[in-house]
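Structure file structure_28.cif with mmCIF, C-alpha atoms:
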```
data_entry
#
loop_
_atom_site.label_atom_id
_atom_site.label_comp_id
_atom_site.auth_asym_id
_atom_site.auth_seq_id
_atom_site.Cartn_x
_atom_site.Cartn_y
_atom_site.Cartn_z
CA MET A 1 122.52 93.62 72.27
CA ARG A 2 119.19 92.04 73.19
CA HIS A 3 120.19 92.15 76.86
CA ILE A 4 121.03 95.84 76.63
CA GLY A 5 117.67 96.59 74.99
CA ALA A 6 115.83 94.66 77.68
CA PHE A 7 117.90 96.35 80.37
CA LEU A 8 117.15 99.85 79.05
CA THR A 9 113.45 98.98 78.82
CA LEU A 10 113.53 97.80 82.44
CA VAL A 11 115.22 101.03 83.58
CA VAL A 12 112.76 103.26 81.70
CA VAL A 13 109.67 101.33 82.82
CA THR A 14 110.84 101.20 86.45
CA LEU A 15 111.57 104.92 86.61
CA LEU A 16 108.29 105.75 84.84
CA LEU A 17 106.28 103.59 87.23
CA ARG A 18 108.06 105.15 90.17
CA SER A 19 107.37 108.73 89.10
CA THR A 20 103.73 108.20 88.05
CA ALA A 21 101.47 105.43 89.33
CA LEU A 22 103.55 104.34 92.34
CA SER A 23 104.22 107.92 93.39
CA ALA A 24 100.46 108.45 93.79
CA LEU A 25 100.23 105.21 95.79
CA ALA A 26 103.17 106.26 97.99
CA ALA A 27 101.38 109.47 98.90
CA ARG A 28 98.52 107.33 100.22
CA GLY A 29 100.98 105.43 102.43
CA VAL A 30 101.41 102.32 100.25
CA MET A 31 105.06 102.18 99.25
CA LEU A 32 105.82 99.62 96.55
CA ASP A 33 109.60 99.45 96.20
CA VAL A 34 109.83 99.03 92.45
CA LEU A 35 113.59 99.75 92.48
CA ALA A 36 114.38 96.82 94.78
CA PHE A 37 111.97 94.63 92.82
CA ALA A 38 113.55 95.46 89.44
CA VAL A 39 117.13 95.02 90.68
CA ALA A 40 116.39 91.74 92.46
CA ILE A 41 114.61 90.26 89.44
CA TRP A 42 117.27 91.41 87.01
CA ALA A 43 120.05 90.05 89.23
CA LEU A 44 118.27 86.70 89.62
CA ARG A 45 117.90 86.46 85.86
CA ARG A 46 121.25 87.79 84.67
CA GLY A 47 123.70 87.28 87.53
CA GLU A 48 125.82 89.54 89.70
CA SER A 49 127.51 91.71 87.04
CA TRP A 50 124.25 92.75 85.44
CA GLY A 51 122.62 92.90 88.85
CA SER A 52 125.11 95.38 90.27
CA THR A 53 125.12 97.42 87.04
CA CYS A 54 121.33 97.56 87.03
CA GLY A 55 121.31 98.50 90.72
CA PHE A 56 123.89 101.24 90.31
CA LEU A 57 122.26 102.87 87.28
CA LEU A 58 118.71 102.66 88.62
CA GLY A 59 119.90 103.93 91.98
CA LEU A 60 121.76 106.81 90.40
CA ALA A 61 118.67 107.84 88.44
CA ALA A 62 116.59 107.64 91.63
CA ASP A 63 119.19 109.69 93.51
CA LEU A 64 119.14 112.41 90.89
CA ASP A 65 115.36 112.46 91.07
CA ALA A 66 115.31 112.79 94.84
CA ALA A 67 117.79 115.71 94.92
CA HIS A 68 119.14 114.79 98.36
CA TRP A 69 122.01 112.45 99.34
CA LEU A 70 123.31 111.55 95.91
CA GLY A 71 124.60 107.96 95.94
CA ARG A 72 122.44 106.44 98.68
CA HIS A 73 120.18 104.43 96.33
CA ALA A 74 123.08 103.67 93.97
CA LEU A 75 125.22 102.11 96.70
CA ALA A 76 122.45 100.04 98.26
CA LEU A 77 121.05 98.78 94.98
CA ALA A 78 124.47 97.96 93.47
CA LEU A 79 125.34 95.85 96.53
CA MET A 80 121.90 94.27 96.47
CA GLY A 81 122.18 93.41 92.78
CA TYR A 82 125.55 91.80 93.35
CA ALA A 83 124.43 89.82 96.40
CA VAL A 84 121.22 88.57 94.79
CA GLY A 85 123.11 87.69 91.60
CA ARG A 86 125.65 85.64 93.55
CA LEU A 87 122.99 84.04 95.70
CA GLY A 88 120.84 83.27 92.67
CA ARG A 89 123.27 80.53 91.56
CA THR A 90 122.39 78.40 94.55
CA LEU A 91 118.65 79.09 94.68
CA VAL A 92 115.65 77.56 92.96
CA ARG A 93 114.87 80.88 91.40
CA ASP A 94 111.53 79.94 89.85
CA SER A 95 110.08 78.93 93.19
CA ALA A 96 107.45 81.43 94.37
CA ARG A 97 108.67 81.01 97.95
CA THR A 98 112.24 81.89 96.97
CA GLN A 99 111.05 84.96 95.09
CA LEU A 100 108.89 86.02 98.03
CA VAL A 101 111.76 85.76 100.49
CA VAL A 102 114.30 87.44 98.18
CA LEU A 103 111.93 90.33 97.45
CA PHE A 104 111.00 90.71 101.12
CA VAL A 105 114.61 90.83 102.28
CA CYS A 106 115.71 93.13 99.43
CA THR A 107 112.88 95.60 100.02
CA LEU A 108 113.39 95.51 103.78
CA LEU A 109 117.12 96.24 103.48
CA HIS A 110 116.70 98.89 100.80
CA GLN A 111 113.93 100.72 102.67
CA ALA A 112 115.83 100.50 105.97
CA TRP A 113 118.93 101.98 104.34
CA VAL A 114 116.98 104.79 102.63
CA SER A 115 114.98 105.57 105.80
CA ALA A 116 118.20 105.84 107.79
CA PHE A 117 118.99 109.06 105.90
CA SER A 118 115.79 110.75 107.04
CA PHE A 119 115.77 109.20 110.51
CA GLY A 120 114.78 111.83 113.03
CA GLY A 121 115.65 110.15 116.32
CA ALA A 122 113.90 107.79 118.71
CA ALA A 123 110.57 109.63 118.46
CA GLY A 124 110.05 108.55 114.88
CA ALA A 125 111.71 105.14 115.11
CA LEU A 126 108.50 103.16 115.43
CA GLY A 127 106.83 104.95 112.50
CA THR A 128 109.90 104.47 110.32
CA LEU A 129 110.18 100.80 111.26
CA LEU A 130 106.52 100.26 110.51
CA ARG A 131 106.87 101.97 107.12
CA VAL A 132 109.87 99.80 106.23
CA VAL A 133 108.16 96.56 107.24
CA VAL A 134 104.88 97.47 105.53
CA SER A 135 106.76 98.36 102.36
CA ALA A 136 108.53 94.98 102.35
CA ALA A 137 105.32 93.15 103.27
CA VAL A 138 103.48 94.76 100.34
CA THR A 139 106.23 94.64 97.70
CA ALA A 140 107.15 90.97 98.21
CA PRO A 141 103.70 89.39 97.60
CA VAL A 142 102.80 91.87 94.84
CA GLY A 143 106.14 91.21 93.12
CA THR A 144 105.75 87.44 93.46
CA LEU A 145 102.24 87.66 92.05
CA ILE A 146 103.47 89.71 89.07
CA LEU A 147 106.20 87.13 88.38
CA ALA A 148 103.67 84.30 88.61
CA ILE A 149 101.40 86.06 86.12
CA VAL A 150 104.30 86.73 83.73
CA ARG A 151 105.37 83.09 84.00
CA ARG A 152 101.83 81.92 83.26
CA LEU A 153 101.57 84.25 80.26
CA THR A 154 104.93 83.34 78.77
CA GLY A 155 104.49 79.64 79.50
CA HIS A 156 108.11 78.96 80.46
CA PRO A 157 110.33 79.48 83.55
CA LEU A 158 111.59 83.03 83.94
CA PHE A 159 114.92 82.27 85.55
CA GLY A 160 115.97 78.78 84.51
CA HIS A 161 117.43 76.19 86.82
CA ALA A 162 120.23 77.18 89.18
CA SER A 163 122.22 73.95 88.90
CA LEU A 164 121.97 73.88 85.09
CA ASP A 165 123.13 77.51 84.92
CA SER A 166 126.13 76.88 87.14
CA LYS A 167 127.12 73.88 85.02
CA SER A 168 126.88 75.91 81.83
CA SER A 169 128.83 78.84 83.33
CA ALA A 170 131.49 76.44 84.64
CA MET B 1 142.20 86.92 97.06
CA GLY B 2 141.14 88.11 93.59
CA GLY B 3 143.64 85.65 92.07
CA PHE B 4 141.75 82.66 93.46
CA LEU B 5 138.53 83.67 91.72
CA PRO B 6 137.59 82.73 88.14
CA PRO B 7 137.91 85.62 85.62
CA ALA B 8 134.12 86.22 85.40
CA GLU B 9 133.86 86.54 89.17
CA ARG B 10 136.94 88.78 89.31
CA ARG B 11 135.29 91.05 86.71
CA SER B 12 132.01 91.23 88.61
CA SER B 13 133.82 91.87 91.91
CA ALA B 14 135.84 94.67 90.29
CA LEU B 15 132.64 96.12 88.83
CA LEU B 16 130.99 96.08 92.24
CA GLY B 17 134.04 97.74 93.77
CA LEU B 18 133.88 100.48 91.15
CA TYR B 19 130.16 101.07 91.71
CA ALA B 20 130.57 101.08 95.50
CA ALA B 21 133.49 103.51 95.30
CA LEU B 22 131.54 105.82 92.96
CA SER B 23 128.46 105.70 95.19
CA LEU B 24 130.48 106.46 98.32
CA LEU B 25 132.22 109.32 96.53
CA LEU B 26 128.82 110.71 95.50
CA LEU B 27 127.55 110.36 99.06
CA LEU B 28 130.54 112.32 100.33
CA VAL B 29 130.78 115.07 97.71
CA GLY B 30 127.47 114.75 95.80
CA ASP B 31 125.93 117.82 97.40
CA ARG B 32 128.73 119.96 96.02
CA LEU B 33 128.17 118.79 92.44
CA PRO B 34 125.94 120.82 90.09
CA GLN B 35 122.98 118.41 89.87
CA GLY B 36 120.57 120.82 88.20
CA GLY B 37 121.93 120.16 84.70
CA LEU B 38 121.82 116.37 85.13
CA ARG B 39 118.27 116.50 86.42
CA GLY B 40 117.38 118.74 83.48
CA VAL B 41 118.69 116.10 81.06
CA GLY B 42 116.77 113.40 82.96
CA ALA B 43 113.58 115.41 82.85
CA TRP B 44 114.07 116.05 79.13
CA VAL B 45 114.63 112.34 78.39
CA PHE B 46 111.66 111.17 80.43
CA ALA B 47 109.20 113.92 79.49
CA PRO B 48 107.87 112.10 76.33
CA PHE B 49 107.37 108.84 78.26
CA ASP B 50 105.72 110.64 81.13
CA ARG B 51 103.39 112.34 78.68
CA VAL B 52 102.29 109.00 77.15
CA VAL B 53 101.58 107.43 80.55
CA LEU B 54 99.76 110.47 81.79
CA THR B 55 97.72 110.83 78.59
CA LEU B 56 96.25 107.37 79.16
CA ASP B 57 95.57 108.17 82.78
CA ARG B 58 93.96 111.47 81.92
CA ALA B 59 91.78 110.06 79.16
CA ALA B 60 90.26 107.66 81.68
CA ALA B 61 89.59 110.43 84.15
CA ALA B 62 88.43 113.06 81.65
CA TRP B 63 84.82 111.92 81.47
CA ARG B 64 84.35 111.97 85.24
CA ASP B 65 86.10 115.31 85.58
CA ASN B 66 83.93 116.80 82.83
CA GLN B 67 80.74 116.01 84.70
CA GLN B 68 82.08 117.34 87.97
CA LEU B 69 83.37 120.49 86.30
CA HIS B 70 80.00 121.27 84.70
CA GLN B 71 78.38 121.13 88.08
CA ARG B 72 81.16 123.14 89.65
CA ILE B 73 80.97 125.84 86.97
CA ALA B 74 77.28 126.34 87.67
CA GLU B 75 77.94 126.62 91.40
CA LEU B 76 80.88 128.96 90.91
CA GLU B 77 78.96 131.26 88.60
CA ILE B 78 76.41 131.82 91.32
CA GLU B 79 79.10 132.27 93.95
CA ASN B 80 81.14 134.51 91.67
CA SER B 81 78.34 136.99 91.18
CA ARG B 82 77.96 137.26 94.95
CA LEU B 83 81.70 137.63 95.45
CA ARG B 84 81.97 140.31 92.77
CA ILE B 85 79.56 142.49 94.69
CA ALA B 86 81.40 141.78 97.95
CA GLY B 87 84.75 142.47 96.24
CA THR B 88 83.66 145.87 94.98
CA GLU B 89 82.38 146.71 98.43
CA ASN B 90 85.66 145.54 100.01
CA GLN B 91 87.74 147.56 97.54
CA MET B 92 85.79 150.71 98.33
CA LEU B 93 86.14 150.17 102.06
CA ARG B 94 89.90 149.51 101.83
CA GLU B 95 90.35 152.69 99.80
CA GLN B 96 88.35 154.66 102.38
CA LEU B 97 90.48 153.22 105.20
CA GLY B 98 93.72 153.83 103.30
CA LEU B 99 94.70 150.14 103.24
CA ARG B 100 96.72 148.57 100.43
CA THR B 101 94.44 146.89 97.90
CA PHE B 102 94.96 143.33 96.69
CA ARG B 103 96.26 142.84 93.19
CA ASN B 104 94.89 140.27 90.77
CA LEU B 105 97.15 137.24 90.27
CA ALA B 106 97.58 135.94 86.72
CA LEU B 107 97.41 132.13 86.65
CA LYS B 108 99.39 130.25 84.00
CA PRO B 109 98.05 126.67 83.54
CA VAL B 110 100.67 123.88 83.41
CA GLU B 111 100.59 120.09 83.35
CA VAL B 112 102.26 118.03 86.07
CA LEU B 113 104.35 115.45 84.19
CA ALA B 114 105.90 113.55 87.07
CA LEU B 115 106.27 113.48 90.82
CA ALA B 116 109.44 112.64 92.69
CA GLY B 117 110.41 112.02 96.28
CA GLU B 118 109.63 109.63 99.07
CA PRO B 119 107.79 108.75 101.25
CA VAL B 120 105.51 111.45 99.78
CA PRO B 121 106.17 113.47 96.61
CA SER B 122 108.46 116.42 97.29
CA ALA B 123 109.01 117.69 93.74
CA ALA B 124 107.01 117.85 90.52
CA THR B 125 108.08 118.19 86.89
CA LEU B 126 105.95 120.84 85.15
CA SER B 127 105.27 121.07 81.41
CA ALA B 128 106.31 124.71 81.09
CA GLY B 129 109.70 126.38 81.44
CA THR B 130 111.52 129.58 80.67
CA HIS B 131 110.18 129.60 77.09
CA GLN B 132 106.65 129.70 78.48
CA GLY B 133 107.50 132.40 81.00
CA VAL B 134 107.95 130.14 84.02
CA HIS B 135 110.94 131.14 86.11
CA GLU B 136 112.67 130.13 89.29
CA GLY B 137 110.78 131.37 92.34
CA ASP B 138 107.34 131.45 90.70
CA VAL B 139 104.51 130.20 92.88
CA VAL B 140 102.70 126.95 91.98
CA VAL B 141 99.09 126.42 93.06
CA THR B 142 96.17 124.14 92.27
CA ARG B 143 92.51 125.08 92.42
CA ASP B 144 92.55 123.83 96.02
CA GLY B 145 95.53 125.75 97.30
CA LEU B 146 99.29 126.22 97.46
CA LEU B 147 101.51 123.47 96.05
CA GLY B 148 105.01 124.98 96.22
CA ARG B 149 107.28 127.04 94.07
CA VAL B 150 109.46 126.62 90.99
CA GLY B 151 112.94 125.54 92.09
CA GLU B 152 114.58 124.96 88.73
CA SER B 153 113.52 126.16 85.29
CA TYR B 154 114.67 124.78 81.92
CA PRO B 155 113.65 125.87 78.39
CA GLY B 156 110.55 123.66 78.08
CA LEU B 157 110.19 122.21 81.57
CA SER B 158 110.51 123.22 85.16
CA ARG B 159 110.79 121.50 88.51
CA ALA B 160 108.59 122.61 91.37
CA VAL B 161 109.64 122.15 94.98
CA LEU B 162 106.49 121.10 96.86
CA LEU B 163 105.47 122.00 100.40
CA THR B 164 106.49 118.46 101.32
CA ASP B 165 110.17 119.11 100.59
CA LEU B 166 112.22 118.86 103.79
CA ASN B 167 113.82 122.26 103.09
CA SER B 168 110.55 124.04 102.39
CA ALA B 169 109.35 126.74 104.81
CA VAL B 170 106.31 128.94 104.28
CA ALA B 171 105.18 131.83 106.49
CA CYS B 172 101.49 131.20 107.22
CA GLU B 173 98.63 132.45 109.32
CA VAL B 174 95.37 130.98 110.56
CA GLU B 175 92.76 132.73 108.44
CA SER B 176 90.14 133.39 111.10
CA THR B 177 92.45 134.56 113.91
CA GLY B 178 95.64 135.75 112.19
CA VAL B 179 97.80 133.46 114.34
CA LEU B 180 101.23 133.26 112.67
CA GLY B 181 103.52 130.27 112.15
CA VAL B 182 105.94 128.63 109.75
CA LEU B 183 104.81 125.63 107.72
CA ARG B 184 107.39 122.86 107.45
CA PHE B 185 107.43 119.22 106.38
CA THR B 186 108.71 116.59 108.78
CA THR B 187 109.13 112.84 108.48
CA THR B 188 109.07 112.11 112.21
CA PRO B 189 107.22 110.37 113.73
CA ILE B 190 105.20 110.18 110.48
CA PRO B 191 105.46 112.25 107.28
CA ARG B 192 103.26 115.35 107.77
CA LEU B 193 103.02 119.10 107.36
CA VAL B 194 103.42 121.03 110.58
CA LEU B 195 102.78 124.68 111.41
CA THR B 196 105.58 125.44 113.85
CA GLY B 197 106.35 128.33 116.15
CA VAL B 198 102.77 129.07 117.23
CA PRO B 199 102.82 130.44 120.81
CA LEU B 200 100.82 128.51 123.41
CA SER B 201 99.03 131.75 124.32
CA ASP B 202 97.25 131.76 120.93
CA THR B 203 93.94 130.00 120.46
CA VAL B 204 93.76 127.52 117.60
CA ARG B 205 91.08 125.00 116.71
CA VAL B 206 91.04 121.88 114.60
CA GLY B 207 89.51 122.53 111.16
CA GLU B 208 90.57 126.18 110.85
CA LEU B 209 91.93 127.28 107.48
CA VAL B 210 95.62 128.16 107.19
CA VAL B 211 96.70 130.61 104.47
CA THR B 212 99.97 132.21 103.41
CA SER B 213 100.71 135.30 105.47
CA GLY B 214 101.75 138.77 104.43
CA TYR B 215 105.15 138.17 106.01
CA SER B 216 106.14 135.71 103.29
CA LYS B 217 108.75 136.96 100.87
CA ARG B 218 107.99 134.29 98.31
CA TYR B 219 104.23 133.82 98.38
CA PRO B 220 101.39 136.30 98.01
CA ARG B 221 99.11 136.68 101.00
CA GLY B 222 95.93 134.66 101.33
CA LEU B 223 96.68 131.48 99.35
CA PRO B 224 94.99 128.50 101.05
CA VAL B 225 97.58 126.07 102.43
CA GLY B 226 95.46 123.61 104.39
CA ARG B 227 93.37 123.01 107.48
CA ILE B 228 94.45 122.23 111.03
CA ARG B 229 94.11 118.48 111.51
CA ALA B 230 95.54 118.12 115.02
CA VAL B 231 96.90 120.40 117.73
CA GLY B 232 100.04 119.28 119.55
CA ARG B 233 103.07 120.71 121.28
CA ASP B 234 106.61 120.68 119.99
CA PRO B 235 109.22 118.60 121.92
CA THR B 236 110.30 121.66 123.98
CA GLY B 237 106.69 122.21 125.10
CA LEU B 238 107.02 125.97 124.53
CA VAL B 239 105.03 126.31 121.29
CA TYR B 240 102.28 124.53 119.40
CA ASP B 241 102.97 122.06 116.60
CA LEU B 242 99.86 122.15 114.43
CA GLU B 243 99.46 119.26 112.02
CA ILE B 244 98.12 120.57 108.73
CA GLU B 245 96.09 118.70 106.16
CA PRO B 246 97.23 120.17 102.83
CA ALA B 247 94.57 121.93 100.75
CA ALA B 248 96.12 120.72 97.49
CA ARG B 249 95.80 116.97 97.05
CA LEU B 250 99.43 115.96 96.70
CA SER B 251 98.61 112.37 95.82
CA ARG B 252 96.76 113.27 92.65
CA ILE B 253 97.97 116.30 90.77
CA ARG B 254 97.35 116.55 87.05
CA HIS B 255 97.20 120.27 86.49
CA ALA B 256 98.54 123.23 88.33
CA PHE B 257 98.84 126.97 87.87
CA VAL B 258 101.98 129.05 87.99
CA ILE B 259 101.80 132.58 89.35
CA SER B 260 104.69 134.58 87.91
CA HIS B 261 106.11 137.46 89.92
CA ALA B 262 103.63 136.61 92.66
CA VAL B 263 105.13 139.07 95.12
CA ALA B 264 105.89 142.51 93.70
CA PRO B 265 109.18 144.02 94.98
CA GLU B 266 107.35 146.79 96.84
CA GLU B 267 105.14 144.21 98.57
CA ALA B 268 108.03 142.13 99.87
CA PRO B 269 108.82 143.05 103.45
#
```

Do you think you could lay out the structure here as structure tokens?
Amino acid sequence: MRHIGAFLTLVVVTLLLRSTALSALAARGVMLDVLAFAVAIWALRRGESWGSTCGFLLGLAADLDAAHWLGRHALALALMGYAVGRLGRTLVRDSARTQLVVLFVCTLLHQAWVSAFSFGGAAGALGTLLRVVVSAAVTAPVGTLILAIVRRLTGHPLFGHASLDSKSSA
Amino acid sequence: MGGFLPPAERRSSALLGLYAALSLLLLLVGDRLPQGGLRGVGAWVFAPFDRVVLTLDRAAAAWRDNQQLHQRIAELEIENSRLRIAGTENQMLREQLGLRTFRNLALKPVEVLALAGEPVPSAATLSAGTHQGVHEGDVVVTRDGLLGRVGESYPGLSRAVLLTDLNSAVACEVESTGVLGVLRFTTTPIPRLVLTGVPLSDTVRVGELVVTSGYSKRYPRGLPVGRIRAVGRDPTGLVYDLEIEPAARLSRIRHAFVISHAVAPEEAP
């Protein structure tokens, strides 16, 4: 029940951030991929089932908001949630470097997939590529910094230890 | 293969398969589904949260806006008195020449609750709907210029399609020369507004004001749209592609105005 409450809070906060503060930032050319960030973090913390569920529902909400190509965010984020959740078992999830790499890759893949739907040919390829890379390059350090701050505030690891988790799940 | 996996992994794999199948199905047939109702429910659920976030944001900006507005009111009062005289003169001249006179547009103030779309906002949720007299097709403007039009209207909310929507097209003209074109939004090579279909024989200059033209069926004539930022040619090389800097600041919209029945039936061409 506590997980469901936390999950719903995450969904609401993510969608709110996306439609208010981050939307204004995006218009200025700074695209923080809060969807990829939320799904990756949730999947790292809760595993692949919750990760894919979180990805699918957040993606579906984002798709409905965008009004074009229903299902594009849902598919990418569900797969991402699953992959990160599976991968999370073998990673040192509380390492800042791990978080940085996971967030960078997730944002890069998500943005590349989403941009593919509005790709207008070779003329715009460089601009699109630049936007995707910049988005990943901004989201990953900002996300890692946020996680570091949260960890400092709470005073305990956010994700636990991978090997301990796999022992307990086994 | 599934039989070799532990039950928890089988469950998560099945869940992923279900989500992937649903997503693919939506990608294939999603455009045929009635999404308006679902978006209406979403807007209704998120409206209270959006209001709380925006209230905090607006409280912080209210003091600064207040000072600016006081100054602007003083300036506008002076300008208004001059324009009133010019307007009366213009009205008399138009009557003498037998030209159609402009009608006054009633502005209905609304709050912008949320923005949606990427890489730049392409839709906005407005705080007024059918109960407040806002209907599909109404024009949405800010004090700076045209924003878009109402695409979907619900009892207490509505959704405006902005100029930056990929499907948006607005008949425009360059104010000083009357050069005509169609304003569209494109994402290639970078997201921008472009005035298309301007013949190479026309003279256009960077910085000129672009307004809605009388040929538009959806927008009244003379609403500021933006200024020409750059002059280029379209890929065919036959017409100009004019990059437009929007008059309305799309990155920061708090309030807007809805113009109901902006184009009277007899005015529509």

Just give me the gap between atom CA of A:Trp113 and atom CA of A:Asp63 in Å, one decimal is fine.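 Result for atom CA of A:Trp113 versus atom CA of A:Asp63: 13.3 Å, one decimal.
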
Dump as a ChimeraX atom specification the residues of chain B that approach chain A to within 8 Å, counting all atoms listed in the file. /B:11-13,15-16,19-20,22-27,30-31,35,38-39,46,49-50,53-54,114-121,187-190,250-252

Can you pull out the residues contacting stretch 159-165 of chain B? Cut-off 10 Å, using all atoms listed in the file, and skip same-chain residues under 5 positions away; I want them as a VMD selection string. (chain A and resid 66) or (chain B and resid 36 39 to 40 43 112 to 129 135 to 141 146 to 154 170 183 to 187 191 to 193 225 246 248 250 258)

How far is it from atom CA of B:Gly207 to atom CA of B:Arg229, in Å with one decimal? 6.1 Å

Could you check the closest approach to A:Trp42 for each of A:Val92, A:Pro141, A:Phe159, A:Leu108 and tell me which residue wins, using all atoms listed in the file? A:Phe159

The PyMOL selection byres ((chain A and resi 144) around 9) - which residues does that actually catch in the file I just gave you? List them as an MDAnalysis selection string. chainID A and resid 96:97 99:100 103 139:143 145:149

Quick check on the file I pasted: which residues fall under the PyMOL selection byres ((chain B and resi 204) around 12)? Write them as a ChimeraX atom specification. /B:173-181,195,198-203,205-210,227-232,239-243

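Taking atom CA of B:Ser158 and atom CA of B:Leu69 as endpoints, the distance between them is 27.3 Å.
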
When the PyMOL selection byres ((chain A and resi 133) around 9) is applied to the file above, which residues end up in the set, as a ChimeraX atom specification? /A:104,107-108,111-112,128-132,134-138

Find the residues around B:Ala171 up to 7 Å (only C-alpha atoms counted), leave out those fewer than 2 positions away in its own chain, and share them as a ChimeraX atom specification. /B:169,181-183,212-213,215-216

Show which residues sit within 8 Å of A:Ala38, as a VMD selection string. Count all atoms listed in the file, and ignore same-chain residues fewer than 3 positions away. chain A and resid 10 14 34 to 35 41 to 42
